[in-house]
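As provided, start_18.cif (mmCIF, C-alpha atoms (C1' of nucleotides)) reads as follows.
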```cif
data_work
loop_
_atom_site.label_atom_id
_atom_site.label_comp_id
_atom_site.auth_asym_id
_atom_site.auth_seq_id
_atom_site.Cartn_x
_atom_site.Cartn_y
_atom_site.Cartn_z
CA MET A 1 55.07 37.85 -37.16
CA LYS A 2 56.32 34.28 -37.46
CA SER A 3 53.69 32.24 -35.66
CA THR A 4 51.03 32.36 -33.02
CA SER A 5 53.02 30.42 -30.41
CA ILE A 6 54.92 32.60 -27.96
CA ASN A 7 57.62 30.02 -27.42
CA PRO A 8 59.40 30.61 -24.11
CA ARG A 9 63.06 29.61 -24.09
CA LYS A 10 63.00 25.91 -24.99
CA SER A 11 59.77 25.12 -23.27
CA PRO A 12 56.16 24.06 -23.37
CA LYS A 13 53.67 24.88 -26.08
CA GLN A 14 50.47 24.23 -24.27
CA ALA A 15 47.99 26.43 -22.52
CA ARG A 16 48.83 25.41 -18.97
CA ALA A 17 52.49 25.95 -19.59
CA ARG A 18 51.89 29.41 -21.00
CA VAL A 19 49.93 30.41 -17.93
CA THR A 20 52.72 29.20 -15.65
CA PHE A 21 55.34 31.02 -17.68
CA ASP A 22 53.46 34.29 -17.38
CA ALA A 23 52.78 33.74 -13.69
CA ILE A 24 56.50 33.40 -13.01
CA LEU A 25 57.36 36.55 -14.94
CA GLU A 26 54.60 38.50 -13.25
CA ALA A 27 55.69 37.36 -9.80
CA ALA A 28 59.27 38.28 -10.53
CA THR A 29 58.21 41.69 -11.80
CA ARG A 30 56.19 42.41 -8.70
CA ILE A 31 59.06 41.44 -6.43
CA LEU A 32 61.47 43.66 -8.34
CA GLN A 33 59.10 46.61 -8.18
CA ASP A 34 58.48 46.21 -4.44
CA ASP A 35 61.81 45.14 -3.00
CA GLY A 36 64.40 45.38 -5.75
CA LEU A 37 67.02 42.75 -6.21
CA ARG A 38 67.42 42.09 -2.49
CA LYS A 39 64.47 39.75 -2.12
CA PHE A 40 64.58 38.53 -5.68
CA ASN A 41 65.42 34.86 -5.09
CA THR A 42 64.17 31.75 -6.80
CA ASN A 43 62.34 30.35 -3.79
CA ARG A 44 60.40 33.56 -3.35
CA VAL A 45 59.61 33.97 -7.03
CA ALA A 46 58.26 30.43 -7.11
CA GLU A 47 56.22 31.02 -3.97
CA VAL A 48 54.69 34.26 -5.22
CA ALA A 49 54.00 32.70 -8.61
CA GLY A 50 52.26 29.80 -6.88
CA VAL A 51 54.48 27.12 -8.37
CA SER A 52 57.34 24.99 -7.09
CA VAL A 53 61.01 25.75 -7.59
CA GLY A 54 61.32 22.75 -9.86
CA THR A 55 58.67 24.13 -12.18
CA LEU A 56 60.41 27.45 -12.28
CA TYR A 57 63.57 25.76 -13.50
CA GLN A 58 61.67 24.10 -16.31
CA TYR A 59 61.00 27.52 -17.77
CA PHE A 60 64.19 29.36 -16.99
CA PRO A 61 67.66 27.81 -16.89
CA THR A 62 68.99 30.25 -14.27
CA LYS A 63 67.77 33.03 -12.04
CA GLU A 64 69.43 35.61 -14.24
CA ALA A 65 67.46 34.32 -17.20
CA ILE A 66 64.28 35.53 -15.52
CA LEU A 67 65.79 38.97 -15.13
CA THR A 68 67.03 39.20 -18.69
CA GLU A 69 63.69 38.04 -20.02
CA ILE A 70 61.92 40.82 -18.12
CA ILE A 71 64.41 43.36 -19.40
CA ARG A 72 64.03 42.03 -22.93
CA GLN A 73 60.24 42.28 -22.82
CA LYS A 74 60.26 45.82 -21.43
CA ARG A 75 62.82 46.95 -23.98
CA LYS A 76 60.82 45.42 -26.78
CA LEU A 77 57.71 47.25 -25.65
CA MET A 78 59.66 50.49 -25.55
CA LEU A 79 61.20 49.96 -28.98
CA ASP A 80 57.87 49.06 -30.56
CA ALA A 81 56.29 52.17 -29.05
CA LEU A 82 59.07 54.38 -30.39
CA LYS A 83 58.87 52.83 -33.83
CA GLU A 84 55.15 53.38 -33.93
CA ALA A 85 55.67 56.96 -32.82
CA THR A 86 58.07 57.66 -35.69
CA GLN A 87 56.38 55.72 -38.47
CA ASP A 88 54.67 58.77 -39.94
CA MET A 89 57.51 61.21 -39.35
CA ALA A 90 57.91 61.88 -43.06
CA ARG A 91 54.43 63.37 -43.21
CA GLU A 92 54.45 65.12 -39.84
CA ARG A 93 55.87 68.29 -38.39
CA PHE A 94 58.87 67.84 -36.12
CA GLU A 95 56.97 68.76 -32.98
CA GLU A 96 54.21 66.35 -33.77
CA THR A 97 56.42 63.29 -33.96
CA LEU A 98 58.47 64.43 -31.00
CA ASP A 99 55.34 64.58 -28.90
CA LYS A 100 54.48 61.01 -29.77
CA LEU A 101 57.97 59.90 -28.85
CA LEU A 102 57.87 61.70 -25.53
CA ARG A 103 54.45 60.31 -24.73
CA ALA A 104 55.80 56.80 -25.23
CA ALA A 105 58.87 57.48 -23.10
CA VAL A 106 56.83 58.99 -20.27
CA ALA A 107 54.32 56.15 -20.28
CA HIS A 108 57.12 53.62 -20.25
CA GLN A 109 59.04 55.09 -17.34
CA LEU A 110 56.59 56.79 -15.09
CA ARG A 111 54.38 53.84 -14.27
CA TRP A 112 56.87 51.64 -12.36
CA PRO A 113 59.79 53.89 -11.49
CA LYS A 114 61.30 51.56 -8.92
CA LEU A 115 61.16 48.63 -11.31
CA ALA A 116 62.68 50.73 -14.07
CA ARG A 117 65.56 51.78 -11.84
CA THR A 118 66.18 48.23 -10.68
CA LEU A 119 66.27 46.91 -14.23
CA GLU A 120 68.63 49.65 -15.35
CA TYR A 121 70.96 48.85 -12.51
CA ALA A 122 70.76 45.13 -13.17
CA GLU A 123 71.65 45.68 -16.80
CA ALA A 124 74.93 47.28 -15.89
CA PHE A 125 76.17 44.15 -14.17
CA LEU A 126 74.46 41.46 -16.19
CA PRO A 127 75.92 39.68 -19.18
CA LEU A 128 73.10 40.51 -21.56
CA GLU A 129 72.25 38.43 -24.57
CA HIS A 130 72.75 39.71 -28.06
CA GLU A 131 69.11 40.36 -28.64
CA THR A 132 68.71 42.40 -25.48
CA ASP A 133 71.78 44.46 -26.24
CA ALA A 134 70.61 44.99 -29.80
CA LEU A 135 67.31 46.32 -28.52
CA LYS A 136 69.11 48.99 -26.53
CA VAL A 137 71.03 50.10 -29.60
CA ALA A 138 67.86 50.05 -31.67
CA ILE A 139 66.11 52.35 -29.23
CA VAL A 140 68.79 55.02 -29.53
CA GLU A 141 68.94 54.49 -33.30
CA THR A 142 65.21 55.03 -33.66
CA ALA A 143 65.50 58.35 -31.90
CA ALA A 144 68.61 59.20 -33.92
CA ALA A 145 66.85 58.39 -37.19
CA PHE A 146 64.14 60.85 -36.24
CA LEU A 147 66.70 63.58 -35.56
CA ALA A 148 68.59 62.79 -38.74
CA HIS A 149 65.42 63.03 -40.77
CA HIS A 150 65.11 66.60 -39.57
CA GLN A 151 68.70 67.46 -40.52
CA HIS A 152 70.22 67.33 -37.09
CA ASP A 153 74.03 67.51 -37.14
CA THR A 154 75.00 64.87 -34.57
CA PRO A 155 71.94 62.66 -34.33
CA VAL A 156 73.45 59.69 -32.51
CA GLN A 157 75.13 61.55 -29.69
CA THR A 158 72.19 63.88 -29.28
CA ALA A 159 69.77 60.96 -29.21
CA ARG A 160 71.80 59.21 -26.52
CA ASP A 161 72.01 62.41 -24.51
CA LEU A 162 68.30 62.99 -24.70
CA VAL A 163 67.38 59.42 -23.89
CA GLY A 164 69.60 59.59 -20.82
CA ALA A 165 68.42 63.01 -19.69
CA LEU A 166 64.75 62.16 -20.16
CA ARG A 167 65.17 58.94 -18.26
CA GLY A 168 66.79 60.85 -15.40
CA LEU A 169 64.08 63.48 -15.41
CA ILE A 170 61.15 61.07 -15.45
CA GLU A 171 62.77 58.69 -13.01
CA SER A 172 63.50 61.34 -10.41
CA ALA A 173 59.97 62.70 -10.70
CA GLY A 174 58.48 59.22 -10.47
CA LEU A 175 60.54 58.26 -7.45
CA SER A 176 59.53 61.41 -5.62
CA GLY A 177 55.89 60.54 -6.04
CA GLU A 178 54.70 62.18 -9.24
CA THR A 179 52.25 60.10 -11.27
CA ASP A 180 50.65 62.49 -13.76
CA PRO A 181 51.84 61.78 -17.31
CA ALA A 182 50.42 65.03 -18.63
CA ALA A 183 52.46 67.20 -16.27
CA MET A 184 55.51 65.10 -17.02
CA LEU A 185 55.03 65.40 -20.75
CA ILE A 186 55.12 69.20 -20.59
CA ARG A 187 58.45 69.20 -18.83
CA ALA A 188 59.85 66.46 -21.06
CA ARG A 189 58.92 68.57 -24.08
CA LYS A 190 60.56 71.61 -22.55
CA LEU A 191 63.74 69.67 -21.86
CA SER A 192 63.91 68.19 -25.33
CA LEU A 193 63.12 71.33 -27.29
CA GLY A 194 65.50 73.30 -25.11
CA TYR A 195 68.35 70.89 -25.71
CA LEU A 196 67.65 70.65 -29.45
CA ARG A 197 67.38 74.37 -30.08
CA MET B 1 84.77 72.23 11.98
CA LYS B 2 84.38 70.61 15.37
CA SER B 3 87.69 68.85 15.81
CA THR B 4 90.57 67.31 13.94
CA SER B 5 89.58 63.73 14.70
CA ILE B 6 87.48 62.12 11.97
CA ASN B 7 85.70 59.85 14.41
CA PRO B 8 84.35 56.80 12.60
CA ARG B 9 81.15 55.38 14.06
CA LYS B 10 82.06 54.49 17.64
CA SER B 11 85.62 53.60 16.98
CA PRO B 12 89.31 54.19 17.39
CA LYS B 13 91.07 57.50 17.66
CA GLN B 14 94.58 56.52 16.84
CA ALA B 15 96.63 56.68 13.68
CA ARG B 16 96.69 52.96 12.96
CA ALA B 17 92.94 52.76 13.31
CA ARG B 18 92.42 55.70 10.98
CA VAL B 19 94.47 54.01 8.28
CA THR B 20 92.46 50.80 8.61
CA PHE B 21 89.18 52.68 8.45
CA ASP B 22 90.16 54.36 5.21
CA ALA B 23 91.51 51.14 3.76
CA ILE B 24 88.16 49.44 4.29
CA LEU B 25 86.22 52.25 2.68
CA GLU B 26 88.60 52.40 -0.26
CA ALA B 27 88.39 48.65 -0.81
CA ALA B 28 84.61 48.76 -0.67
CA THR B 29 84.55 51.64 -3.14
CA ARG B 30 86.76 49.81 -5.59
CA ILE B 31 84.62 46.69 -5.42
CA LEU B 32 81.46 48.69 -6.02
CA GLN B 33 82.98 50.47 -8.99
CA ASP B 34 84.24 47.25 -10.58
CA ASP B 35 81.55 44.67 -9.84
CA GLY B 36 78.59 46.47 -8.31
CA LEU B 37 76.71 45.01 -5.40
CA ARG B 38 77.06 41.43 -6.60
CA LYS B 39 80.56 40.84 -5.25
CA PHE B 40 80.21 43.32 -2.44
CA ASN B 41 80.45 40.97 0.56
CA THR B 42 82.20 41.41 3.86
CA ASN B 43 84.75 38.66 3.30
CA ARG B 44 85.84 40.20 0.04
CA VAL B 45 85.92 43.74 1.34
CA ALA B 46 88.13 42.60 4.20
CA GLU B 47 90.40 40.69 1.85
CA VAL B 48 90.81 43.59 -0.58
CA ALA B 49 91.39 45.97 2.31
CA GLY B 50 94.05 43.66 3.68
CA VAL B 51 92.44 43.15 7.08
CA SER B 52 90.45 40.39 8.70
CA VAL B 53 86.67 40.22 8.88
CA GLY B 54 86.83 40.77 12.61
CA THR B 55 88.64 44.04 12.15
CA LEU B 56 86.06 45.16 9.63
CA TYR B 57 83.34 44.62 12.21
CA GLN B 58 85.13 46.80 14.69
CA TYR B 59 84.65 49.73 12.38
CA PHE B 60 81.23 49.04 10.91
CA PRO B 61 78.33 47.37 12.73
CA THR B 62 76.85 45.89 9.54
CA LYS B 63 77.64 45.53 5.88
CA GLU B 64 75.05 48.12 5.02
CA ALA B 65 76.80 50.61 7.27
CA ILE B 66 79.78 50.53 4.92
CA LEU B 67 77.52 51.32 2.00
CA THR B 68 75.71 54.14 3.75
CA GLU B 69 79.01 55.66 4.88
CA ILE B 70 80.27 55.72 1.30
CA ILE B 71 77.03 57.30 0.13
CA ARG B 72 77.22 59.84 2.95
CA GLN B 73 80.78 60.84 2.08
CA LYS B 74 80.04 61.19 -1.64
CA ARG B 75 76.92 63.22 -0.95
CA LYS B 76 78.81 65.47 1.40
CA LEU B 77 81.48 66.10 -1.21
CA MET B 78 78.80 66.95 -3.75
CA LEU B 79 76.94 69.26 -1.40
CA ASP B 80 80.11 71.08 -0.39
CA ALA B 81 81.04 71.56 -4.03
CA LEU B 82 77.61 72.96 -4.85
CA LYS B 83 77.67 75.30 -1.88
CA GLU B 84 81.07 76.58 -2.88
CA ALA B 85 79.81 77.07 -6.43
CA THR B 86 76.91 79.22 -5.27
CA GLN B 87 78.58 81.18 -2.50
CA ASP B 88 79.19 84.23 -4.67
CA MET B 89 75.95 84.06 -6.60
CA ALA B 90 74.82 87.46 -5.33
CA ARG B 91 77.74 89.13 -7.07
CA GLU B 92 77.78 86.99 -10.20
CA ARG B 93 75.82 86.78 -13.42
CA PHE B 94 73.43 83.87 -13.66
CA GLU B 95 75.48 82.03 -16.29
CA GLU B 96 78.64 82.39 -14.26
CA THR B 97 77.28 80.62 -11.20
CA LEU B 98 75.49 78.05 -13.30
CA ASP B 99 78.77 77.12 -14.94
CA LYS B 100 80.37 76.54 -11.57
CA LEU B 101 77.48 74.34 -10.53
CA LEU B 102 77.61 72.31 -13.71
CA ARG B 103 81.36 71.89 -13.42
CA ALA B 104 80.90 70.43 -9.96
CA ALA B 105 78.13 68.09 -11.10
CA VAL B 106 80.12 66.85 -14.08
CA ALA B 107 83.23 66.27 -12.02
CA HIS B 108 81.23 64.41 -9.41
CA GLN B 109 79.46 62.08 -11.78
CA LEU B 110 81.70 61.51 -14.75
CA ARG B 111 84.69 60.07 -12.96
CA TRP B 112 83.18 56.84 -11.59
CA PRO B 113 79.96 56.33 -13.50
CA LYS B 114 79.51 52.71 -12.52
CA LEU B 115 80.02 53.51 -8.85
CA ALA B 116 77.60 56.40 -9.09
CA ARG B 117 74.93 54.21 -10.64
CA THR B 118 75.44 51.49 -8.06
CA LEU B 119 75.13 53.93 -5.18
CA GLU B 120 72.00 55.49 -6.62
CA TYR B 121 70.43 52.08 -6.95
CA ALA B 122 71.48 51.06 -3.46
CA GLU B 123 69.94 54.21 -2.02
CA ALA B 124 66.52 53.26 -3.31
CA PHE B 125 66.45 50.10 -1.22
CA LEU B 126 68.48 51.13 1.77
CA PRO B 127 67.14 52.59 4.99
CA LEU B 128 69.28 55.71 5.01
CA GLU B 129 70.19 57.60 8.13
CA HIS B 130 68.81 61.01 8.84
CA GLU B 131 72.00 62.77 7.99
CA THR B 132 72.35 61.06 4.63
CA ASP B 133 68.76 61.76 3.72
CA ALA B 134 69.15 65.36 4.77
CA LEU B 135 72.14 65.71 2.48
CA LYS B 136 70.05 64.71 -0.50
CA VAL B 137 67.45 67.31 0.32
CA ALA B 138 70.15 69.90 0.86
CA ILE B 139 71.60 69.26 -2.57
CA VAL B 140 68.31 70.00 -4.30
CA GLU B 141 67.74 72.97 -2.00
CA THR B 142 71.09 74.47 -2.87
CA ALA B 143 70.22 74.35 -6.54
CA ALA B 144 66.73 75.64 -5.82
CA ALA B 145 68.11 78.56 -3.80
CA PHE B 146 70.20 79.54 -6.78
CA LEU B 147 67.17 79.48 -9.07
CA ALA B 148 65.06 81.39 -6.54
CA HIS B 149 67.72 84.05 -6.26
CA HIS B 150 67.28 84.67 -9.98
CA GLN B 151 63.50 84.93 -9.69
CA HIS B 152 62.61 81.53 -11.00
CA ASP B 153 58.93 80.68 -10.55
CA THR B 154 59.06 77.07 -9.38
CA PRO B 155 62.58 76.67 -8.07
CA VAL B 156 62.20 73.41 -6.16
CA GLN B 157 60.55 71.37 -8.89
CA THR B 158 62.82 72.80 -11.54
CA ALA B 159 65.88 72.09 -9.44
CA ARG B 160 64.81 68.49 -8.93
CA ASP B 161 64.09 68.10 -12.61
CA LEU B 162 67.46 69.48 -13.60
CA VAL B 163 69.38 67.46 -11.05
CA GLY B 164 67.68 64.33 -12.35
CA ALA B 165 68.11 65.15 -16.02
CA LEU B 166 71.75 66.13 -15.63
CA ARG B 167 72.47 62.96 -13.71
CA GLY B 168 70.88 60.93 -16.50
CA LEU B 169 72.79 62.79 -19.19
CA ILE B 170 76.18 62.52 -17.55
CA GLU B 171 75.64 58.96 -16.42
CA SER B 172 74.67 57.70 -19.86
CA ALA B 173 77.63 59.46 -21.44
CA GLY B 174 79.97 58.11 -18.78
CA LEU B 175 78.72 54.56 -19.10
CA SER B 176 79.17 54.64 -22.85
CA GLY B 177 82.80 55.56 -22.48
CA GLU B 178 83.02 59.34 -22.49
CA THR B 179 85.57 60.80 -20.12
CA ASP B 180 86.12 64.40 -21.21
CA PRO B 181 84.61 66.82 -18.68
CA ALA B 182 84.92 69.78 -21.07
CA ALA B 183 82.79 68.16 -23.75
CA MET B 184 80.30 67.09 -21.12
CA LEU B 185 80.11 70.58 -19.64
CA ILE B 186 79.07 72.07 -22.97
CA ARG B 187 76.15 69.70 -23.31
CA ALA B 188 75.19 70.05 -19.65
CA ARG B 189 75.06 73.80 -20.15
CA LYS B 190 72.94 73.43 -23.26
CA LEU B 191 70.53 71.14 -21.43
CA SER B 192 70.20 73.44 -18.43
CA LEU B 193 69.84 76.71 -20.30
CA GLY B 194 67.40 75.09 -22.69
CA TYR B 195 65.21 73.83 -19.88
CA LEU B 196 65.37 77.09 -17.98
CA ARG B 197 64.57 79.35 -20.90
"C1'" DC C 1 110.11 45.20 31.89
"C1'" DA C 2 105.09 44.61 33.64
"C1'" DG C 3 100.67 45.33 33.14
"C1'" DA C 4 96.83 47.44 30.85
"C1'" DT C 5 94.58 48.67 26.80
"C1'" DA C 6 93.87 48.88 21.94
"C1'" DT C 7 93.80 46.48 17.81
"C1'" DC C 8 93.68 42.51 15.01
"C1'" DT C 9 93.03 37.47 13.58
"C1'" DA C 10 90.55 33.65 11.37
"C1'" DA C 11 88.14 29.51 12.34
"C1'" DG C 12 83.52 28.71 12.97
"C1'" DT C 13 78.18 29.21 12.91
"C1'" DA C 14 73.64 29.80 11.47
"C1'" DA C 15 71.00 31.40 7.82
"C1'" DT C 16 70.15 32.01 3.04
"C1'" DT C 17 70.14 30.80 -1.72
"C1'" DG C 18 70.65 28.74 -6.44
"C1'" DC C 19 69.68 24.65 -8.22
"C1'" DT C 20 68.87 19.26 -8.69
"C1'" DC C 21 66.47 15.04 -8.85
"C1'" DA C 22 63.59 11.21 -7.84
"C1'" DC C 23 59.11 10.93 -7.96
"C1'" DA C 24 53.92 12.46 -8.36
"C1'" DT C 25 50.23 14.27 -10.97
"C1'" DT C 26 47.78 15.78 -15.08
"C1'" DC C 27 46.84 15.66 -19.98
"C1'" DC C 28 46.50 13.56 -24.56
"C1'" DT C 29 45.57 9.77 -27.76
"C1'" DC C 30 43.81 5.53 -28.80
"C1'" DG D 1 40.75 2.89 -19.19
"C1'" DA D 2 45.75 2.11 -20.62
"C1'" DG D 3 49.92 3.95 -21.53
"C1'" DG D 4 52.98 7.48 -22.53
"C1'" DA D 5 54.27 12.23 -22.61
"C1'" DA D 6 54.07 16.63 -20.50
"C1'" DT D 7 54.18 19.14 -16.47
"C1'" DG D 8 54.61 19.73 -11.57
"C1'" DT D 9 56.49 18.85 -6.67
"C1'" DG D 10 59.51 19.89 -2.69
"C1'" DA D 11 63.00 17.85 0.28
"C1'" DG D 12 67.59 18.51 0.25
"C1'" DC D 13 72.53 19.60 -1.23
"C1'" DA D 14 76.50 22.50 -1.90
"C1'" DA D 15 78.02 27.00 -1.91
"C1'" DT D 16 77.91 31.54 -0.21
"C1'" DT D 17 77.48 35.01 3.24
"C1'" DA D 18 76.85 38.10 7.38
"C1'" DC D 19 78.48 38.08 11.59
"C1'" DT D 20 80.67 36.15 16.33
"C1'" DT D 21 84.14 35.10 19.48
"C1'" DA D 22 88.08 33.32 21.87
"C1'" DG D 23 92.25 34.43 21.83
"C1'" DA D 24 96.81 36.47 19.70
"C1'" DT D 25 99.63 40.57 18.89
"C1'" DA D 26 100.86 45.23 19.03
"C1'" DT D 27 101.13 49.73 21.50
"C1'" DC D 28 101.22 52.67 25.44
"C1'" DT D 29 102.26 54.01 30.26
"C1'" DG D 30 104.64 53.64 34.40
#
```
As C-alpha cells, what does this structure read like?
Amino acid sequence: MKSTSINPRKSPKQARARVTFDAILEAATRILQDDGLRKFNTNRVAEVAGVSVGTLYQYFPTKEAILTEIIRQKRKLMLDALKEATQDMARERFEETLDKLLRAAVAHQLRWPKLARTLEYAEAFLPLEHETDALKVAIVETAAAFLAHHQHDTPVQTARDLVGALRGLIESAGLSGETDPAAMLIRARKLSLGYLR
Amino acid sequence: MKSTSINPRKSPKQARARVTFDAILEAATRILQDDGLRKFNTNRVAEVAGVSVGTLYQYFPTKEAILTEIIRQKRKLMLDALKEATQDMARERFEETLDKLLRAAVAHQLRWPKLARTLEYAEAFLPLEHETDALKVAIVETAAAFLAHHQHDTPVQTARDLVGALRGLIESAGLSGETDPAAMLIRARKLSLGYLR
DNA sequence: CAGATATCTAAGTAATTGCTCACATTCCTC
DNA sequence: GAGGAATGTGAGCAATTACTTAGATATCTG
C-alpha cells in the first residue's frame, strides 16, 4: 500500500471529490448492468450520478475511460481474491485450495451476470491500458501457478481453458436466472476436477 | 423444405435482389467480425455491401433486423449441425455421438470467435423474434435429448451447463489465437466427459 | 418500342451523443 | 469577510447515425 489517498486519474484529493468520483462509477455500473452499452452515454451517466456533464469530464477524460476504470476495478477485485485463495496452497491439499479459487470465481461472476457479459464484450473492442491488460494475464498466471505447484503438465493452457470454461458455465447459469452460489460451486467443482483428471 | 425461394423479410423474389440481400448480410457479418458493434452502422454496411442506404432499407426494416437475421442464420446452422450429429444416436455408442456433437460445436465457434462473441453480447440486449428465441431453446434441447437418451439424471441443466462451458472454452481459446479444431476437440472432449462422469 | 413494375440512388432530416467552455458556486486559509 | 483555489454547471457545438423520400435506372411483358 502506497498511501491512503485513492487518487483518481489526475483529479481531486478531497472528500467531496471522492464522493463524486464514486457516484459516477456507480451510476455507470448500474447503467451497464441494466441496459448494456446501448444506453451508456455521458449525458445519462451524469444524470444518474446526479452531477453535470462538465463535472463528469473533470474526473474522466473520455467516455471510454469510465468503462476501462470499471473493468480495471473488477479485474483487480478478482485478482486479489484469487491471490488470497492461493496464498496458503503450499500447506493445503489440492482440493482445498481449488475450492477457495472456485468460490472466488463464482462470487465474482454470478452476482451481476449481465454486467460481467457487457464488460467482457467491451474488452474485446476497447484499447485497454497496460495495467488492465496485465491484470488479465495475472489472473490466468495465478491459476497457472496453482496448477504448476501441483505438478500439472501444461499449467498455462489448462488454466486459460478452465478460466474460460468456468466463466461460460457460471455466466450461462446466471443469465438464465440462477442465483445460488452453493449450487453453482458444486457444478464448478465437478467441471474443474473432471477436466483436470 | 417449403420452396426454393429464400424469401427475405417481405422482399424481392428475383435473382438480382437475392444477390443484394446476401451482399448486405455478408458485409454486415464482416464488419461485426472485424470491429464489433461499434462501427456497425447502416451507412457503413451499405458502403461495404456496395449498395445505397435506400436499397438496404428495402431489405431490412431496421438496423437491428440485420443483426437478428444474422443471429437467426447462425443459430439455424448450429441447430441443424447438432441435429445431424444426433440423428443416429440410437444406434451409436455414447462417445461416438458426443464426438460428432463436439465437432459441430468446435467448428461453429472456433472459426469466427470475435463475431461469435459480438453476437452473443448483442443477443442479451436485443428483443429477439420468436423464431430466433426458439432456436436457442432447441439447441439446448437437442443436447438434452442426447443426454436423456443415455439415462442422464438432469439432462436439461447439464446440457445448458455444458453448452455454456464449451462456449467459454472454445471462445477463450479462439480469442487468444488458437485455430486448430483438432486440438480444440481433444480438450472439449476432456471437458465434457469429465463433467459427465 | 411503350408502358408497367421492380430495383436502386443519395441528398437530406431529425435525433442522439461526446465533449467544451464561459461562468457560477463552494471550500479553504488568513 | 476577503480572496483565491477547487469544484460544479449546463447550454450548446460538431459529428455521427438511423431512416426517408423523390426521383433515376434497370428489367420485364406485350
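Residues matched by the PyMOL selection byres ((chain A and resi 142) around 9) in this structure: A:Leu79, A:Leu82, A:Lys83, A:Thr86, A:Val137, A:Ala138, A:Ile139, A:Val140, A:Glu141, A:Ala143, A:Ala144, A:Ala145, A:Phe146, A:Leu147, A:Ala159.
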Those same residues, written as a PDB file, in the coordinates of the input with C-alpha atoms?
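Contents of result.pdb, freshly written:
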```pdb
ATOM      1  CA  LEU A  79      61.200  49.960 -28.980  1.00  0.00           C
ATOM      2  CA  LEU A  82      59.070  54.380 -30.390  1.00  0.00           C
ATOM      3  CA  LYS A  83      58.870  52.830 -33.830  1.00  0.00           C
ATOM      4  CA  THR A  86      58.070  57.660 -35.690  1.00  0.00           C
ATOM      5  CA  VAL A 137      71.030  50.100 -29.600  1.00  0.00           C
ATOM      6  CA  ALA A 138      67.860  50.050 -31.670  1.00  0.00           C
ATOM      7  CA  ILE A 139      66.110  52.350 -29.230  1.00  0.00           C
ATOM      8  CA  VAL A 140      68.790  55.020 -29.530  1.00  0.00           C
ATOM      9  CA  GLU A 141      68.940  54.490 -33.300  1.00  0.00           C
ATOM     10  CA  ALA A 143      65.500  58.350 -31.900  1.00  0.00           C
ATOM     11  CA  ALA A 144      68.610  59.200 -33.920  1.00  0.00           C
ATOM     12  CA  ALA A 145      66.850  58.390 -37.190  1.00  0.00           C
ATOM     13  CA  PHE A 146      64.140  60.850 -36.240  1.00  0.00           C
ATOM     14  CA  LEU A 147      66.700  63.580 -35.560  1.00  0.00           C
ATOM     15  CA  ALA A 159      69.770  60.960 -29.210  1.00  0.00           C
TER      16      ALA A 159
END
```
On this structure, the PyMOL selection byres ((chain C) within 9 of (chain A)) would catch which residues? List them as an mmCIF file with C-alpha atoms (C1' of nucleotides), in the coordinates of the input, sorted by chain and number.
```cif
data_model
loop_
_atom_site.group_PDB
_atom_site.id
_atom_site.type_symbol
_atom_site.label_atom_id
_atom_site.label_comp_id
_atom_site.auth_asym_id
_atom_site.auth_seq_id
_atom_site.Cartn_x
_atom_site.Cartn_y
_atom_site.Cartn_z
ATOM 1 C "C1'" DT C 17 70.140 30.800 -1.720
ATOM 2 C "C1'" DG C 18 70.650 28.740 -6.440
ATOM 3 C "C1'" DC C 19 69.680 24.650 -8.220
ATOM 4 C "C1'" DT C 20 68.870 19.260 -8.690
#
```
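The nearest approach to Phe94 of chain B among the residues B:Leu185, B:Ile170, B:Asp153, B:Ala148, with only C-alpha atoms taken into account, belongs to B:Ala148.
The space separating atom CA of Glu47 of chain A from atom CA of Ile70 of chain A comes to 18.1 Å.
Closest approach to chain B among A:Arg30, A:Arg18, A:Lys39, A:Lys74 is made by A:Lys39 (distances from only C-alpha atoms).
Between atom CA of Leu193 of chain A and atom CA of His149 of chain B the separation is 25.0 Å.
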Exercise for the section: Could you please select, counting only C-alpha atoms, the residues of chain B within 9 Å of chain A and state them as a ChimeraX atom specification? Expected result: /B:35-38,114,117-118,120-121,124-125,157,160-173,175,187,190-197
